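**Q** Provided below: work.csv, containing CSV, C-alpha atoms.
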```csv
chain,number,residue,atom,x,y,z
A,149,MET,CA,98.2,-30.1,-0.1
A,150,ILE,CA,95.6,-27.4,-0.1
A,151,TYR,CA,94.4,-25.2,-2.9
A,152,LEU,CA,92.2,-22.3,-1.9
A,153,ASN,CA,90.9,-19.0,-3.2
A,154,SER,CA,92.4,-16.2,-1.1
A,155,THR,CA,90.0,-13.7,-2.7
A,156,GLN,CA,93.0,-11.4,-3.0
A,157,SER,CA,93.1,-11.0,0.7
A,158,THR,CA,96.6,-10.3,1.8
A,159,ALA,CA,95.8,-11.4,5.3
A,160,ALA,CA,94.6,-14.8,3.9
A,161,GLN,CA,97.7,-15.1,1.8
A,162,LYS,CA,99.9,-14.3,4.9
A,163,THR,CA,97.9,-16.8,7.0
A,164,VAL,CA,98.4,-19.6,4.5
A,165,SER,CA,102.1,-18.8,4.1
A,166,THR,CA,102.6,-18.7,7.9
A,167,VAL,CA,100.8,-22.0,8.6
A,168,PHE,CA,102.4,-24.0,5.8
A,169,PRO,CA,106.2,-24.3,5.2
A,170,HIS,CA,105.6,-24.4,1.4
A,171,ALA,CA,103.3,-22.0,-0.4
A,172,LEU,CA,102.8,-20.5,-3.8
A,173,ARG,CA,100.3,-17.9,-5.0
A,174,TYR,CA,98.9,-18.2,-8.6
A,175,GLN,CA,96.8,-15.1,-9.3
A,176,ASN,CA,94.4,-15.1,-6.2
A,177,MET,CA,94.7,-18.9,-5.6
A,178,MET,CA,97.0,-20.2,-2.8
A,179,ILE,CA,98.7,-23.6,-3.2
A,180,ALA,CA,100.3,-24.8,0.1
A,181,GLY,CA,101.4,-27.9,1.9
A,182,PHE,CA,103.9,-29.5,4.2
A,183,ASP,CA,105.9,-31.0,1.3
A,184,PRO,CA,107.7,-29.0,-1.4
A,185,ILE,CA,105.5,-27.8,-4.3
A,186,ILE,CA,107.0,-28.7,-7.6
A,187,TRP,CA,105.6,-26.6,-10.4
A,188,ASP,CA,106.1,-28.3,-13.8
A,189,PRO,CA,104.5,-26.2,-16.6
A,190,ASP,CA,104.9,-29.0,-19.2
A,191,ARG,CA,103.2,-31.6,-17.0
A,192,TRP,CA,100.4,-29.1,-16.2
A,193,LYS,CA,99.8,-28.4,-19.9
A,194,ALA,CA,99.9,-32.1,-20.8
A,195,SER,CA,97.4,-33.0,-18.0
A,196,LEU,CA,95.0,-30.3,-19.1
A,197,GLU,CA,95.3,-31.3,-22.7
A,198,ALA,CA,94.5,-34.9,-21.8
A,199,TRP,CA,91.6,-34.1,-19.4
A,200,THR,CA,88.3,-35.4,-20.5
A,201,ILE,CA,84.8,-35.5,-19.1
A,202,ARG,CA,82.8,-38.5,-20.3
A,203,GLY,CA,85.2,-38.9,-23.2
A,204,THR,CA,85.0,-35.2,-24.3
A,205,PRO,CA,88.1,-33.1,-24.1
A,206,VAL,CA,87.7,-30.2,-21.7
A,207,ILE,CA,90.2,-28.2,-23.7
A,208,ASP,CA,89.2,-28.5,-27.3
A,209,PRO,CA,92.4,-28.6,-29.4
A,210,LEU,CA,90.7,-26.8,-32.3
A,211,LEU,CA,88.7,-24.1,-30.5
A,212,ASP,CA,91.2,-23.5,-27.6
A,213,GLU,CA,94.4,-23.7,-29.6
A,214,GLY,CA,97.1,-21.7,-27.8
A,215,VAL,CA,95.0,-20.9,-24.7
A,216,LEU,CA,97.2,-22.9,-22.3
A,217,ASP,CA,100.4,-21.3,-23.8
A,218,GLN,CA,98.8,-17.9,-23.2
A,219,ILE,CA,98.1,-18.8,-19.5
A,220,LEU,CA,101.7,-20.1,-19.1
A,221,ALA,CA,103.1,-16.9,-20.7
A,222,GLU,CA,101.1,-14.6,-18.4
A,223,ASP,CA,103.6,-12.8,-16.1
A,224,THR,CA,101.3,-10.2,-14.5
A,225,TRP,CA,97.8,-10.4,-13.1
A,226,ARG,CA,95.9,-7.3,-11.9
A,227,GLY,CA,99.0,-5.3,-11.5
A,228,GLY,CA,101.1,-7.9,-9.7
A,229,PRO,CA,103.0,-11.0,-10.5
A,230,THR,CA,101.0,-14.0,-11.6
A,231,TRP,CA,103.1,-16.4,-9.5
A,232,GLU,CA,104.6,-15.6,-6.1
A,233,ASP,CA,106.5,-17.8,-3.7
A,234,ARG,CA,106.2,-18.0,0.1
A,235,THR,CA,109.2,-15.8,0.8
A,236,ARG,CA,107.9,-13.0,-1.4
A,237,ILE,CA,104.3,-13.4,0.1
A,238,LEU,CA,105.6,-13.1,3.6
A,239,ALA,CA,107.8,-10.1,2.8
A,240,ARG,CA,104.9,-8.3,1.1
A,241,THR,CA,102.4,-9.1,3.9
A,242,THR,CA,104.5,-8.2,6.9
A,243,ASP,CA,102.0,-5.7,8.4
A,244,GLU,CA,99.0,-7.9,7.8
A,245,PRO,CA,97.4,-10.0,10.6
A,246,VAL,CA,97.3,-13.8,10.7
A,247,ILE,CA,93.6,-14.8,10.6
A,248,THR,CA,92.5,-17.0,13.5
A,249,ASP,CA,89.2,-18.4,14.8
A,250,ASP,CA,89.5,-15.7,17.5
A,251,ASN,CA,89.7,-12.7,15.2
A,252,MET,CA,88.2,-13.5,11.8
A,253,ALA,CA,89.5,-10.1,10.9
A,254,THR,CA,88.9,-10.0,7.2
A,255,GLU,CA,85.2,-11.1,7.5
A,256,TRP,CA,84.5,-7.8,9.4
A,257,TRP,CA,86.7,-5.6,7.3
A,258,ALA,CA,84.8,-6.2,4.0
A,259,PHE,CA,82.1,-3.8,5.0
A,260,ASP,CA,83.9,-1.8,7.7
A,261,THR,CA,81.8,-3.6,10.3
A,262,TYR,CA,84.5,-4.7,12.7
A,263,PRO,CA,83.0,-4.4,16.2
A,264,SER,CA,84.6,-1.8,18.4
A,265,VAL,CA,83.5,-3.4,21.6
A,266,SER,CA,85.2,-5.9,24.0
A,267,TRP,CA,84.4,-9.6,23.9
A,268,ARG,CA,85.5,-12.0,26.6
A,269,GLY,CA,87.8,-9.3,28.0
A,270,VAL,CA,89.6,-8.6,24.7
A,271,ARG,CA,89.2,-5.2,23.1
A,272,LEU,CA,88.5,-6.2,19.5
A,273,ALA,CA,90.0,-3.0,18.1
A,274,ALA,CA,93.3,-4.0,19.5
A,275,LEU,CA,93.5,-6.8,17.0
A,276,LEU,CA,93.4,-4.4,14.1
A,277,PRO,CA,96.3,-2.6,12.4
A,278,ARG,CA,96.1,1.1,12.9
A,279,SER,CA,94.9,1.7,9.3
A,280,GLN,CA,91.8,-0.6,10.0
A,281,ALA,CA,91.2,0.7,13.5
A,282,ALA,CA,90.3,4.1,12.1
A,283,CYS,CA,87.3,2.5,10.3
A,284,LEU,CA,85.6,0.8,13.2
A,285,GLU,CA,81.8,0.8,13.4
A,286,HIS,CA,80.1,1.3,16.8
A,287,SER,CA,78.2,-2.0,16.9
A,288,SER,CA,77.8,-4.7,19.4
A,289,VAL,CA,79.1,-8.3,19.2
A,290,GLY,CA,76.2,-10.6,18.3
A,291,ALA,CA,74.4,-8.0,16.3
A,292,LEU,CA,74.2,-8.5,12.5
A,293,PRO,CA,76.7,-6.5,10.6
A,294,ARG,CA,75.5,-3.4,8.8
A,295,THR,CA,74.7,-4.2,5.2
A,296,HIS,CA,75.0,-0.8,3.7
A,297,GLY,CA,71.3,-0.5,2.7
A,298,ARG,CA,71.0,-4.1,1.6
A,299,ALA,CA,68.6,-6.4,3.4
```
Any chance you could give the structure as structure tokens?
**A**
Amino acid sequence: MIYLNSTQSTAAQKTVSTVFPHALRYQNMMIAGFDPIIWDPDRWKASLEAWTIRGTPVIDPLLDEGVLDQILAEDTWRGGPTWEDRTRILARTTDEPVITDDNMATEWWAFDTYPSVSWRGVRLAALLPRSQAACLEHSSVGALPRTHGRA
């Protein structure tokens, strides 16, 4: 079982859903594994209500009354569904690349610094969808990415 922050990256969500046969997205977090994921809201709520650190409840029943019920009732998050299963993730991310050690695509896209040169005989721009290829920088592999004025 893996639980990771996808940082709302659709490529990261597709990668997780492609690698693992079972996956769920909760907001921007991915839950995935090789065994079925059983989401039991009552068990989740009971576990959080019982959670303590050094004997002190993490969820204070007096101060935080109803907060877990609000979280469970949430059906949209930032304009999309709060929960999404693997089938829906894969359908939504059809045009996204799968992230690999060889492309690290989303690391370069964040600041439009994806190198436009070849590396080891592979033209890096060929790894991008057309929409991203139009934004390529003219930089060389090995150089630091441009930081948009930040040092």
**Q** With distances taken over only C-alpha atoms, which residue among A:Thr163, A:Gly214, A:Met149, A:Leu172 lies nearest Glu197 of chain A?
**A**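 Once distances to Glu197 of chain A are computed over only C-alpha atoms, the minimum belongs to A:Gly214.
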**Q** In file coordinates, which residues lie within 12 Å of (106.3, -16.7, -15.1) using only C-alpha atoms, given as a list in words?
**A**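 Final list of nearby residues, as requested, is Arg173, Tyr174, Gln175, Trp187, Asp188, Pro189, Asp217, Gln218, Ile219, Leu220, Ala221, Glu222, Asp223, Thr224, Trp225, Gly228, Pro229, Thr230, Trp231, Glu232 and Asp233 of chain A.
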**Q** Any chance you could export the current selection's C-alpha atoms as a PDB file, keeping the file's coordinate frame?
**A**
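Saved file again_24.pdb follows:
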```pdb
ATOM      1  CA  ARG A 173     100.300 -17.900  -5.000  1.00  0.00           C
ATOM      2  CA  TYR A 174      98.900 -18.200  -8.600  1.00  0.00           C
ATOM      3  CA  GLN A 175      96.800 -15.100  -9.300  1.00  0.00           C
ATOM      4  CA  TRP A 187     105.600 -26.600 -10.400  1.00  0.00           C
ATOM      5  CA  ASP A 188     106.100 -28.300 -13.800  1.00  0.00           C
ATOM      6  CA  PRO A 189     104.500 -26.200 -16.600  1.00  0.00           C
ATOM      7  CA  ASP A 217     100.400 -21.300 -23.800  1.00  0.00           C
ATOM      8  CA  GLN A 218      98.800 -17.900 -23.200  1.00  0.00           C
ATOM      9  CA  ILE A 219      98.100 -18.800 -19.500  1.00  0.00           C
ATOM     10  CA  LEU A 220     101.700 -20.100 -19.100  1.00  0.00           C
ATOM     11  CA  ALA A 221     103.100 -16.900 -20.700  1.00  0.00           C
ATOM     12  CA  GLU A 222     101.100 -14.600 -18.400  1.00  0.00           C
ATOM     13  CA  ASP A 223     103.600 -12.800 -16.100  1.00  0.00           C
ATOM     14  CA  THR A 224     101.300 -10.200 -14.500  1.00  0.00           C
ATOM     15  CA  TRP A 225      97.800 -10.400 -13.100  1.00  0.00           C
ATOM     16  CA  GLY A 228     101.100  -7.900  -9.700  1.00  0.00           C
ATOM     17  CA  PRO A 229     103.000 -11.000 -10.500  1.00  0.00           C
ATOM     18  CA  THR A 230     101.000 -14.000 -11.600  1.00  0.00           C
ATOM     19  CA  TRP A 231     103.100 -16.400  -9.500  1.00  0.00           C
ATOM     20  CA  GLU A 232     104.600 -15.600  -6.100  1.00  0.00           C
ATOM     21  CA  ASP A 233     106.500 -17.800  -3.700  1.00  0.00           C
TER      22      ASP A 233
END
```
**Q** If I take atom CA of Ala171 of chain A and atom CA of Trp192 of chain A, how far is one from the other in Å, to one decimal?
**A** 17.6 Å
**Q** What does the distance from atom CA of Ile150 of chain A to atom CA of Ala180 of chain A come to in Å, to one decimal?
**A**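 About the pair atom CA of Ile150 of chain A and atom CA of Ala180 of chain A: they are 5.4 Å apart.
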**Q** Quote the spacing between atom CA of Thr158 of chain A and atom CA of Glu244 of chain A in Å to one decimal place.
**A** 6.9 Å
**Q** Using all atoms listed in the file, can you tell me which of A:Leu210, A:Ala160, A:Arg202, A:Ser165 comes closest to Thr235 of chain A?
**A**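 Looking at the shortest contact to Thr235 of chain A, the residue is A:Ser165.
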**Q** For Val164 of chain A, which residue among A:Asp243, A:Leu238, A:Glu213, A:Val206 is the nearest when counting all atoms listed in the file?
**A**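 Using all atoms listed in the file, the shortest distance to Val164 of chain A belongs to A:Leu238.
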**Q** Give me the residues near Pro209 of chain A as an NGL selection string, where near means some atom within 12 Å (using all atoms listed in the file) and where sequence neighbours in that chain fewer than 4 positions away do not count.
**A** :A and (194 or 196-200 or 204-205 or 213-216)
